[in-house]
Each structure stands twice: as C-alpha cells, then as structure tokens.
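Enquirer: If you scroll down you'll find the structure; I have some questions about it.
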Amino acid sequence: MTKPIDEQLIDLLQTDARMSHSEMSRILERPRAVITNRLEALFESGTVTVIAGWNPEFLGIRQFAHVSVETSVSDDGLRQRLAGLDSTVFASVTSGNHDMVLDLRVADQNELYSVLATIREFPGVVALNTQLYIEVIGEALLPRGAMVKPERVDDIDRTIVQLLQVDGRASYQSLSDVVHISPGAVKKRLNLLLERNLVSIGAVVSNRSLIGRAAAGIGLNVSGDGASTIAALSEQPGIEFLARVIGRFDVLLTVTAETVDALSARLDTIRGLVGVNKMESWVHLRTLKERYPVSFGGPRPFSQG
C-alpha cells in the first residue's frame with residue numbers, strides 16, 4: 001500500500017533534510033505546488049521541524065542519559081518543568097511502568113548526578129530509573145562518524161548555524177543576507193561544517209498523531225555484546241532511534257508505525273529477533289520536547305587556541 005504523501009515527504013526529509021522541492025517533486029512524481037503546500041502544512045502544524053545542531057562533543061557534552069520518571073500525581077505543570085530543564089533534550093508522557101521519559105545531555109557524570117538530584121527534589125517525583133548511553137547508533141541530529149576538530153570556528157560559522165537552528169531549510173541567499181558573504185561562500189562553509197561532523201541538519205517528527213503515526217519506546221536485554229541484534233534492528237522498518245546503554249536495559253530504541261496494529265506487529269518482530277532475551281515497551285502518548293544541544297550558551301566548546 002502506498003504511503004500518504006505526508007509520510008513520504010517525512011521519509012525524504014529524514015533522508016536529506018534540505019532536499020529541494022523540485023527534487024521531492026521528481027522523486028514522488030507529484031506537482032511541485034503540491035509538495036510545497038504539504039510541506040508548509042507539516043511545518044506550520046509542528047508535525048515536523050528541520051533544524052541544525054552542533055555535535056554535542058564539540059560543545060563539551062559527553063554524557064547522555066535516558067531517565068524514566070515515576071510520579072505520584074498527574075500534573076502537567078510538573079511535566080512541563082521537567083521538560084523545561086536545560087539538560088532535557090527529549091521529554092515524553094508515556095504509558096507503562098513510568099509516567100514520563102526524559103533524555104538528558106550534560107558535560108559529565110558529576111553534572112548528570114546533580115541534575116538527577118534536582119529532579120528528585122521536584123514535588124511529585126517518586127523515583128527515577130536511569131540508563132547511561134554508551135553509543136547512539138541512529139538519531140536525526142547526531143552526525144554520523146567521527147568529528148574532525150576544526151582549525152577554527154568563527155562568528156560567521158556560528159551565525160549560519162544559529163539561523164539554521166531556527167529554520168534548517170533556510171536558503172543560502174537568506175543566510176547570505178544576514179552574514180554578508182556570498183551564497184556560494186555560505187554553502188562552502190556549511191558543507192565544511194557538515195563534512196567534519198561538527199554540525200548536522202535533521203528532520204525531527206514531534207507531533208506524530210497529526211499524521212496518524214504511533215510510537216513506542218523499547219528497552220531490550222540481549223545476549224553478549226548485542227552486535228548481531230543491533231545489526232538486525234538497524235534493518236527493521238520504523239526505527240527512529242537506536243542506542244546501546246548501561247542500566248536495566250542493554251539496548252534502547254524508538255519504533256514508529258502507521259497504526260497501532262502495525263506498531264504491535266513491529267514489537268512482536270523485534271521481540272522475536274535472535275539475541276533478544278527480554279523486552280519492555282512503552283507508548284509515547286505526547287511529546288513535550290524534542291530539542292537537541294544547539295548553542296554555545298551553556299555548554300563548553302573546544303578551546304580554539
């Protein structure tokens with residue numbers, strides 16, 4: 001069955017977040033005007049956001065954690081406060097054994113412990129369960145491959161990325177108008193940042209319900225180092241996030257599907273993969289925040305000396 005056009009567009013954006021309308025029109029064999037109208041609807045509704053992000057390593061952010069939160073009350077104010085923490089890059093209201101999950105990114109384990117202590121002090125927070133990320137294998141806004149440390153990153157580079165943090169599909173001309181260099185020079189600078197894995201530009205799907213998609217988080221306990229299981233997971237459809245962790249799980253992932261029934265079938269497939277010993281899942285009911293480290297405001301970048 002052919003996917004609806006909105007889902008096809010999201011698939012293309014997740015392949016190349018800055019793909020042109022003309023190229024999408026060619027691939028999908030749909031009029032350019034239709035592509036433009038549907039993209040505008042996706043962006044204006046908040047279903048999809050295309051943004052740039054600095055490599056966390058470049059910002060001095062080296063500790064990632066997934067935190068499941070159990071609360072004693074159903075308090076949206078508490079949820080919003082947890083989502084609003086500077087170190088929170090992802091926050092979702094969930095079903096299952098916990099009421100909410102957070103992804104935290106900080107400089108080191110000492111800072112992580114301090115943030116967790118702060119969260120435990122919030123009225124209504126009963127318990128936390130924390131997994132430490134060892135390797136994030138798949139995520140829209142994490143560069144693939146090793147970072148190449150730059151000789152320098154100047155104010156023009158920072159401004160270009162800052163603008164792309166607001167609109168990751170901003171044209172080279174519009175960026176040029178702000179930084180006062182030619183569009184070609186803007187493109188060259190951005191390509192260099194991307195090639196060196198200092199910056200990535202990705203499509204983040206924040207409001208799946210508007211396009212009828214369901215999403216679940218999954219924690220797996222696996223045999224051995226899990227390499228073969230992770231390889232098998234990488235080939236499964238609908239995997240939006242995949243990571244190795246230390247904690248009550250060995251592998252964490254997010255899987256999406258067009259319907260709840262299709263999501264259930266994908267969970268059954270994952271449960272049956274060779275090497276999977278145990279699986280726990282939770283449904284993402286509402287995403288409160290999905291925003292990744294994007295500025296020099298708090299984190300410490302590399303010394304440019």
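Each chain in the structure tokens gets a letter, A, B and so on, in the order shown; residues start at 1 in every chain, and ligands are counted from 1 in the order they appear.
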Just want the 12 Å neighbourhood of Leu132 of chain A, counted on only C-alpha atoms, with same-chain residues fewer than 3 positions away dropped. Output as a ChimeraX atom specification.

Expert: /A:62-68,103-106,108-109,112-113,129,135-136,243-252

Enquirer: Once you have the residues from the selection above, write them out as a PDB file, in the first residue's frame, restricted to N, CA and C atoms.

Expert:
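In the end it all went to part.pdb:
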```
ATOM      1  N   ARG A  62      29.304  15.267  26.830  1.00  0.00           N
ATOM      2  CA  ARG A  62      29.802  13.910  26.613  1.00  0.00           C
ATOM      3  C   ARG A  62      29.032  12.836  27.383  1.00  0.00           C
ATOM      4  N   GLN A  63      28.058  13.252  28.192  1.00  0.00           N
ATOM      5  CA  GLN A  63      27.283  12.278  28.961  1.00  0.00           C
ATOM      6  C   GLN A  63      25.812  12.365  28.569  1.00  0.00           C
ATOM      7  N   PHE A  64      25.290  11.264  28.019  1.00  0.00           N
ATOM      8  CA  PHE A  64      23.879  11.174  27.652  1.00  0.00           C
ATOM      9  C   PHE A  64      23.211  10.180  28.600  1.00  0.00           C
ATOM     10  N   ALA A  65      21.964  10.454  28.955  1.00  0.00           N
ATOM     11  CA  ALA A  65      21.230   9.531  29.828  1.00  0.00           C
ATOM     12  C   ALA A  65      19.754   9.514  29.462  1.00  0.00           C
ATOM     13  N   HIS A  66      19.156   8.340  29.614  1.00  0.00           N
ATOM     14  CA  HIS A  66      17.714   8.151  29.443  1.00  0.00           C
ATOM     15  C   HIS A  66      17.135   7.924  30.830  1.00  0.00           C
ATOM     16  N   VAL A  67      16.156   8.731  31.212  1.00  0.00           N
ATOM     17  CA  VAL A  67      15.615   8.681  32.570  1.00  0.00           C
ATOM     18  C   VAL A  67      14.112   8.419  32.521  1.00  0.00           C
ATOM     19  N   SER A  68      13.696   7.323  33.146  1.00  0.00           N
ATOM     20  CA  SER A  68      12.271   7.029  33.303  1.00  0.00           C
ATOM     21  C   SER A  68      11.823   7.601  34.641  1.00  0.00           C
ATOM     22  N   ASP A 103      15.314  12.425  28.070  1.00  0.00           N
ATOM     23  CA  ASP A 103      16.693  12.244  27.644  1.00  0.00           C
ATOM     24  C   ASP A 103      17.464  13.472  28.090  1.00  0.00           C
ATOM     25  N   LEU A 104      18.555  13.229  28.816  1.00  0.00           N
ATOM     26  CA  LEU A 104      19.390  14.309  29.337  1.00  0.00           C
ATOM     27  C   LEU A 104      20.747  14.293  28.656  1.00  0.00           C
ATOM     28  N   ARG A 105      21.316  15.473  28.415  1.00  0.00           N
ATOM     29  CA  ARG A 105      22.669  15.578  27.868  1.00  0.00           C
ATOM     30  C   ARG A 105      23.418  16.644  28.649  1.00  0.00           C
ATOM     31  N   VAL A 106      24.531  16.216  29.231  1.00  0.00           N
ATOM     32  CA  VAL A 106      25.321  17.093  30.093  1.00  0.00           C
ATOM     33  C   VAL A 106      26.798  16.847  29.829  1.00  0.00           C
ATOM     34  N   ASP A 108      29.293  15.761  31.981  1.00  0.00           N
ATOM     35  CA  ASP A 108      29.934  14.580  32.563  1.00  0.00           C
ATOM     36  C   ASP A 108      29.018  13.956  33.613  1.00  0.00           C
ATOM     37  N   GLN A 109      29.501  12.888  34.251  1.00  0.00           N
ATOM     38  CA  GLN A 109      28.665  12.175  35.218  1.00  0.00           C
ATOM     39  C   GLN A 109      28.387  13.001  36.466  1.00  0.00           C
ATOM     40  N   LEU A 112      25.553  15.110  35.587  1.00  0.00           N
ATOM     41  CA  LEU A 112      24.358  14.273  35.489  1.00  0.00           C
ATOM     42  C   LEU A 112      23.793  13.982  36.872  1.00  0.00           C
ATOM     43  N   TYR A 113      24.664  13.622  37.811  1.00  0.00           N
ATOM     44  CA  TYR A 113      24.191  13.322  39.162  1.00  0.00           C
ATOM     45  C   TYR A 113      23.508  14.547  39.770  1.00  0.00           C
ATOM     46  N   ASN A 129      14.665   6.020  37.106  1.00  0.00           N
ATOM     47  CA  ASN A 129      15.439   4.875  36.642  1.00  0.00           C
ATOM     48  C   ASN A 129      16.270   5.349  35.463  1.00  0.00           C
ATOM     49  N   GLU A 135      26.551   4.302  23.224  1.00  0.00           N
ATOM     50  CA  GLU A 135      26.675   4.631  21.803  1.00  0.00           C
ATOM     51  C   GLU A 135      25.290   4.882  21.231  1.00  0.00           C
ATOM     52  N   VAL A 136      25.110   6.052  20.632  1.00  0.00           N
ATOM     53  CA  VAL A 136      23.881   6.347  19.906  1.00  0.00           C
ATOM     54  C   VAL A 136      24.125   6.012  18.444  1.00  0.00           C
ATOM     55  N   ALA A 243      20.195   2.846  20.350  1.00  0.00           N
ATOM     56  CA  ALA A 243      21.381   3.119  21.162  1.00  0.00           C
ATOM     57  C   ALA A 243      21.727   1.929  22.049  1.00  0.00           C
ATOM     58  N   ARG A 244      23.024   1.822  22.357  1.00  0.00           N
ATOM     59  CA  ARG A 244      23.490   0.882  23.379  1.00  0.00           C
ATOM     60  C   ARG A 244      23.558   1.630  24.701  1.00  0.00           C
ATOM     61  N   VAL A 245      23.130   0.974  25.777  1.00  0.00           N
ATOM     62  CA  VAL A 245      23.071   1.634  27.077  1.00  0.00           C
ATOM     63  C   VAL A 245      23.561   0.707  28.183  1.00  0.00           C
ATOM     64  N   ILE A 246      23.831   1.313  29.338  1.00  0.00           N
ATOM     65  CA  ILE A 246      24.124   0.573  30.569  1.00  0.00           C
ATOM     66  C   ILE A 246      23.036   0.914  31.574  1.00  0.00           C
ATOM     67  N   GLY A 247      22.452  -0.116  32.180  1.00  0.00           N
ATOM     68  CA  GLY A 247      21.385   0.089  33.147  1.00  0.00           C
ATOM     69  C   GLY A 247      20.520  -1.149  33.187  1.00  0.00           C
ATOM     70  N   ARG A 248      19.219  -0.955  33.353  1.00  0.00           N
ATOM     71  CA  ARG A 248      18.353  -2.137  33.384  1.00  0.00           C
ATOM     72  C   ARG A 248      18.152  -2.711  31.988  1.00  0.00           C
ATOM     73  N   PHE A 249      18.526  -1.945  30.958  1.00  0.00           N
ATOM     74  CA  PHE A 249      18.492  -2.423  29.579  1.00  0.00           C
ATOM     75  C   PHE A 249      19.897  -2.441  28.993  1.00  0.00           C
ATOM     76  N   ASP A 250      20.024  -3.111  27.867  1.00  0.00           N
ATOM     77  CA  ASP A 250      21.273  -3.116  27.100  1.00  0.00           C
ATOM     78  C   ASP A 250      21.142  -2.307  25.814  1.00  0.00           C
ATOM     79  N   VAL A 251      19.922  -2.242  25.299  1.00  0.00           N
ATOM     80  CA  VAL A 251      19.642  -1.521  24.052  1.00  0.00           C
ATOM     81  C   VAL A 251      18.347  -0.737  24.237  1.00  0.00           C
ATOM     82  N   LEU A 252      18.342   0.499  23.747  1.00  0.00           N
ATOM     83  CA  LEU A 252      17.140   1.327  23.734  1.00  0.00           C
ATOM     84  C   LEU A 252      16.817   1.701  22.295  1.00  0.00           C
TER      85      LEU A 252
END
```

Enquirer: Please return as a ChimeraX atom specification: the residues of segment 86-168 of chain A that backbone DSSP assigns to alpha helix (DSSP H).

Expert: /A:109-120,155-166

Enquirer: Which residues, written as an mmCIF file with C-alpha atoms, in the first residue's frame, have at least one atom at most 12 Å from segment 40-42 of chain A, with only C-alpha atoms counted and residues fewer than 2 positions away on the same chain left out?

Expert:
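Listed below is the output, part_14.cif:
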```cif
data_model
loop_
_atom_site.group_PDB
_atom_site.id
_atom_site.type_symbol
_atom_site.label_atom_id
_atom_site.label_comp_id
_atom_site.auth_asym_id
_atom_site.auth_seq_id
_atom_site.Cartn_x
_atom_site.Cartn_y
_atom_site.Cartn_z
ATOM 1 C CA ILE A 5 2.121 11.924 0.716
ATOM 2 C CA ASP A 6 2.877 13.482 4.117
ATOM 3 C CA GLU A 7 4.625 10.311 5.264
ATOM 4 C CA GLN A 8 6.534 10.109 2.003
ATOM 5 C CA LEU A 9 7.706 13.701 2.471
ATOM 6 C CA ILE A 10 8.807 12.973 6.031
ATOM 7 C CA LEU A 13 13.276 14.874 4.873
ATOM 8 C CA HIS A 21 11.046 20.946 -3.528
ATOM 9 C CA ALA A 33 2.929 23.037 -5.916
ATOM 10 C CA VAL A 34 1.520 20.002 -4.083
ATOM 11 C CA ILE A 35 4.915 19.359 -2.472
ATOM 12 C CA THR A 36 5.174 22.989 -1.370
ATOM 13 C CA ASN A 37 1.660 23.062 0.104
ATOM 14 C CA ARG A 38 2.077 19.812 2.043
ATOM 15 C CA GLU A 44 3.164 25.056 10.365
ATOM 16 C CA SER A 45 1.406 22.313 12.359
ATOM 17 C CA GLY A 46 4.624 21.480 14.190
ATOM 18 C CA THR A 47 4.476 17.901 12.958
ATOM 19 C CA VAL A 48 7.987 18.205 11.554
ATOM 20 C CA THR A 49 10.801 20.603 12.343
ATOM 21 C CA VAL A 50 14.025 20.816 10.370
ATOM 22 C CA ARG A 169 15.897 24.692 5.368
ATOM 23 C CA ALA A 203 14.097 16.433 10.473
ATOM 24 C CA VAL A 204 12.519 15.917 13.890
ATOM 25 C CA VAL A 205 8.992 14.463 13.967
ATOM 26 C CA SER A 206 7.374 15.924 17.075
ATOM 27 C CA ASN A 207 3.646 15.503 16.544
ATOM 28 C CA ARG A 208 3.126 12.055 15.050
ATOM 29 C CA SER A 209 -0.563 11.962 15.950
ATOM 30 C CA LEU A 210 -1.323 14.588 13.306
ATOM 31 C CA ILE A 211 -0.217 12.164 10.596
#
```

Enquirer: For Leu163 of chain A, list every protein, DNA or RNA residue within 12 Å, evaluated using only C-alpha atoms, and leave out those in the same chain fewer than 6 positions away; present the list as a ChimeraX atom specification.

Expert: /A:50-53,156-157,169-172,174-179,186,190,201,294-295

Enquirer: Restricting the output to C-alpha atoms, write the selected residues as a compact mmCIF listing (two decimals), in the first residue's frame.

Expert:
```
# COMPACT_ATOMS: atom_id res chain seq x y z
CA VAL A 50 14.03 20.82 10.37
CA ILE A 51 16.85 22.20 12.49
CA ALA A 52 20.61 22.23 12.74
CA GLY A 53 22.53 21.09 15.79
CA ILE A 156 30.15 33.76 10.68
CA ASP A 157 30.01 29.97 11.14
CA ARG A 169 15.90 24.69 5.37
CA ALA A 170 16.77 28.39 5.14
CA SER A 171 18.11 29.24 1.68
CA TYR A 172 21.74 30.11 1.08
CA SER A 174 18.68 34.28 3.10
CA LEU A 175 21.70 33.20 5.15
CA SER A 176 23.93 35.32 2.92
CA ASP A 177 21.77 38.39 3.57
CA VAL A 178 22.47 38.11 7.30
CA VAL A 179 26.17 37.20 7.37
CA VAL A 186 27.80 30.29 2.85
CA LEU A 190 28.17 24.91 5.79
CA ILE A 201 20.79 19.08 9.99
CA VAL A 294 22.19 23.80 19.63
CA SER A 295 24.14 26.71 21.06
```

Enquirer: To one decimal place in Å, what is the distance between atom CA of Val93 of chain A and atom CA of Arg79 of chain A?

Expert: 7.9 Å

Enquirer: Using only C-alpha atoms, which of the listed residues (A:Val283, A:Asp11, A:Asp76, A:Ile160) sits closest to Lys187 of chain A?

Expert: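 Ranking A:Val283, A:Asp11, A:Asp76, A:Ile160 by distance to Lys187 of chain A, first place goes to A:Ile160.
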
Enquirer: In terms of the shortest atom-to-atom distance over only C-alpha atoms, which of A:Val222, A:Leu233, A:Leu39, A:Ala107 is closest to Gly275 of chain A?

Expert: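 Smallest distance to Gly275 of chain A is found for A:Val222.
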
Enquirer: Ranking A:Asn197, A:Ser264, A:Ser25, A:Thr15 by minimum distance to Glu57 of chain A and counting only C-alpha atoms, which one comes first?

Expert: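 Ranking A:Asn197, A:Ser264, A:Ser25, A:Thr15 by distance to Glu57 of chain A, first place goes to A:Asn197.
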
Enquirer: Please run DSSP on the backbone and report, as a list in words, all residues within segment 65-130 of chain A that come out as strand (DSSP E).

Expert: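 Selecting the strand (DSSP E) positions of segment 65-130 of chain A gives Ala65, His66, Val67, Ser68, Val69, Glu70, Thr71, Thr88, Val89, Phe90, Ala91, Ser92, Val93, Thr94, Met100, Val101, Leu102, Asp103, Leu104, Arg105, Val106, Val125, Val126, Ala127, Leu128, Asn129 and Thr130 of chain A.
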
Enquirer: Counting only C-alpha atoms, which residue out of A:Leu192, A:Val274, A:Phe241, A:Gly84 sits closest to Ala227 of chain A?

Expert: A:Val274

Enquirer: Can you measure atom CA of Ser74 of chain A to atom CA of Glu290 of chain A for me? One decimal in Å is fine.

Expert: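 Atom CA of Glu290 of chain A lies 21.0 Å from atom CA of Ser74 of chain A.
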
Enquirer: Between A:Asn55, A:Ser87, A:Thr71, A:Ser114, which is the closest to Asp99 of chain A once you count only C-alpha atoms?

Expert: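 Ranking A:Asn55, A:Ser87, A:Thr71, A:Ser114 by distance to Asp99 of chain A, first place goes to A:Thr71.
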
Enquirer: Hey, which of A:Ala232, A:Ile181, A:Val148, A:Val69 ends up closest to Leu194 of chain A? Count only C-alpha atoms.

Expert: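 Going through A:Ala232, A:Ile181, A:Val148, A:Val69 one by one, the smallest distance to Leu194 of chain A is for A:Val148.
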
Enquirer: Write out as a PyMOL selection string each polymer residue whose atoms come within 10 Å of Val126 of chain A, counting only C-alpha atoms; drop sequence neighbours fewer than 2 positions from it.

Expert: chain A and resi 69-73+119-124+128

Enquirer: Write a file of the selected residues as a CSV table (one decimal), in the first residue's frame, keeping C-alpha atoms.

Expert:
```
chain,number,residue,atom,x,y,z
A,69,VAL,CA,10.3,9.1,35.8
A,70,GLU,CA,7.6,7.7,38.2
A,71,THR,CA,5.4,10.4,39.7
A,72,SER,CA,2.7,10.4,42.4
A,73,VAL,CA,0.4,12.8,40.6
A,119,ILE,CA,14.8,16.2,39.5
A,120,ARG,CA,14.3,14.1,42.6
A,121,GLU,CA,13.6,17.2,44.6
A,122,PHE,CA,10.6,18.2,42.5
A,123,PRO,CA,7.3,17.6,44.4
A,124,GLY,CA,5.5,14.7,42.9
A,128,LEU,CA,14.0,7.7,38.7
```
